[in-house]
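**Q** So that we are looking at the same thing, I have put the structure below in structure tokens.
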Amino acid sequence: MSDASPAGEGGEPATTGEDRPTEATGDGTAETTADDAEEHRGPSELVVEDLVKQFGGVTAVDGATFEVEEGSLTGLIGPNGAGKSTTFNCITGVHEPDGGRVTFRGEDITGLRTARIANRGLVRTFQIARELEEMTVLENLMLSPQGQVGERLSHAVLPGLRGRVRDQERDLREEVWETLELFEIDHLAGEHAGNLSGGQRKLLELARALMTDPDLLLLDEPFAGVNPTLEEKLLDRIHGLRESENLTFLLVEHDMDLIMDNCEHVIVMHQGSVLAEGPPEAIRNNDRVIDAYLGDEL
Amino acid sequence: MSAADTLAERFDRFEDTPRWLLDVGLIAATMGSIYLLFTIFTFVGPAGGTFGTVVANLQTITFWTALYAMMVLALNLHWGYTGLFNIGVAGFMAIGVYAFAVLTVPPTGSPPGLGLPLWVGIIGGMLAAALVGAVTALPALRLRADYLAIVTVALSEIIRLTLLSTKFESFTLFANLDYEVGGVEILPDVALGTGAGRGMNIPVNPSIPVKSIFYTNPSNPAAGERTAVGEAVLGAFVDAGVRETVVVSLAYTLLLIGVVALFYWLLVRVGNSPFGRVLKAIREDELVANSLGKDTRLFKIKVFMLGCALMGLGGILWEAQRGFTDPTSTTFRPIQTFYIFVALIIGGAGSNTGSVLGGALFASLLFQGPLFVSRIVSHLLNLGDTPGSFAAAVGPVFALEVGPLLAYAAGNIEQLRFVLLGLVLVYLMQNRPQGLLGHRKEVAASVPLIDRDGNRPRDATASDGGERDE
């Protein structure tokens, strides 16, 4: 998987479209929001329409509208204060949006509780890695899988039911160790997560989100403060997972080259709304984007 | 490196011994040391050291240890595991006791009760505490942790003052509802009461079943005879110089130890499970737990109710031993909650074994210890009467006579105990905020997640090509 071509945005989405053909028709209306630079895209996994979020007098998100295509690696960029993280928080139920609609796999998830949204397979990571510090790396990952029988108090306690909990935990333990090995942090398995370095925390955060078996992962600056080698490693994992699990990724990132090299679709936010979206080369040449954001860099 | 870390390292040599056995050993060793200390106290104390006095004193220590261990274990579930800052423990104890009393006191009692069997009272008391816990927690758990603290501490005072209110001293339910069906009243008048400041006798209390082991008429031992067991056990102990009441209390203390073991077993199971894992995650970072699809509100309510039920049971056992409860006793004052928190901080929040150790160390060294020491000091130094005022105690110091000051200190040791508690807390916060066992890894899972060498557990590697053979 390490040789997955980062810029290969051409063929992949077409093959993934067969999984959920019904949604392709359902989301037809939202398709109109795509701007003219865009070629044909597959079915949308996540649709955000006219999202509004205000904090006091500040409108952090002001009518943001975009779609994330199933199986894609979509980048969300924008200058500081553009509303990227608030958008993430509104999508995942951390904040209740003041207006607009969020649709995930054809179902309206606007205003649902964070846990319910995660149950449906939309899982996020945090800008600043939030480890459960006084829990071991293994516990962090064991927490993730959905629908564990042992999360019911009766099953955890009663002698007759605990056997099932143990059986399930043995299976989960296998998955957890495999994930740890995939992320090459298995040597830290027994450590308290609070003892990990910044980069290791980023790996753990991504691994933990993956252990929930999500369909769509929202990654909030997964490469911030990560050294280039580790960054490469993380990107390898992401590309690998797209191929093996058909996962969809929405990525907030500040490193422009990284976004341009890895994402097949880029959304640019500015002052709370979507300024432009399209394939990287279209974004690179978009005058409004250059004015608003990329002017200095390109 | 602290003493507890060194101790933990010493335990490495027992690495093939199961964790729980080591923990039982640790508790036993701690209790052994405490017993040794208090045996010495007994020998140098005013009553002198005989078999009878030693047994009596160790019984007292064990009794308080068991009571505090119970409460600390319950609080550890709230605060240590889940991070729920419940500072209304005393209130939930009171709910448990009073619900128990109202259910079990006979209708002829003063104040009257329902006269139901003991087990109904115990279950009812626990349920009542759990329900009050749920009602308290529902609004507060949605907010930040501090609000739960405010709500619980206020609630515990509301409960205590309500119980003190003469409005509920004795009252009659359904007095104004006289519906008859076929000549039978369907809602008969039910006389109940809390006794307000007079308190409530608990005639059917858990110490009675204990007494019935020894006596044919347990509610009034003097009027009846001893049973066969009573004859044998009491006879043997009394011959050895132990007072009869001490033997009965000892039996009750053994019951308490059994309950502590039950609490411990239950809470270790709760902790070592996916459920416990979510609790820990809530404590560490609730947003993360939510983001991983855990409905933390449900978990918090469940765990709050469970902890409150255990606190209710603890309260029942606490008060029933003396067969009487009243809202003015220290059992239900906010200071009680503070004591339990101190004990948990000493032992280490988050560790069940630490909770038991904390309960033991608090009850013996901080709670009972000062009383023993003050008695010994006044006895050995022959201090005489306690001066009536602080001035009378301090004045002689200027004449280089410290006797009155010491006597004053010994006479007011219960107040000085607070100073000691404060010093211990300050020391702990500065040097070992995590307590004795608070920082150690107690992995929340029902199966081992990692083997001793830090690798994937053995039975798991079978399908893996075995780079880790045994």
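Residues in the structure tokens are numbered from 1 in each chain, the chains being A, B, ... in the order shown, and ligands are numbered from 1 in the order shown.
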What residues in chain B have any atom no more than 8 Å from chain A when counting only C-alpha atoms, and can you write them as an NGL selection string?
**A** :B and (266 or 269-270 or 273-278 or 280-281 or 284-285 or 288-296 or 439 or 441 or 443-447 or 449-450 or 454-456 or 460)
**Q** Looking only at the backbone, which of the residues in range 14-262 of chain A does DSSP tag as alpha helix (DSSP H), as a PyMOL selection string?
**A** chain A and resi 14-16+21-26+84-91+114-119+137-143+153-157+159-182+198-210+228-245+256-262
**Q** For Gly113 in chain B, which residue out of B:Leu177, B:Thr62, B:Glu157, B:Gly193 is the nearest one, using only C-alpha atoms?
**A**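 Answer, going by the shortest atom-to-atom distance: B:Gly193.
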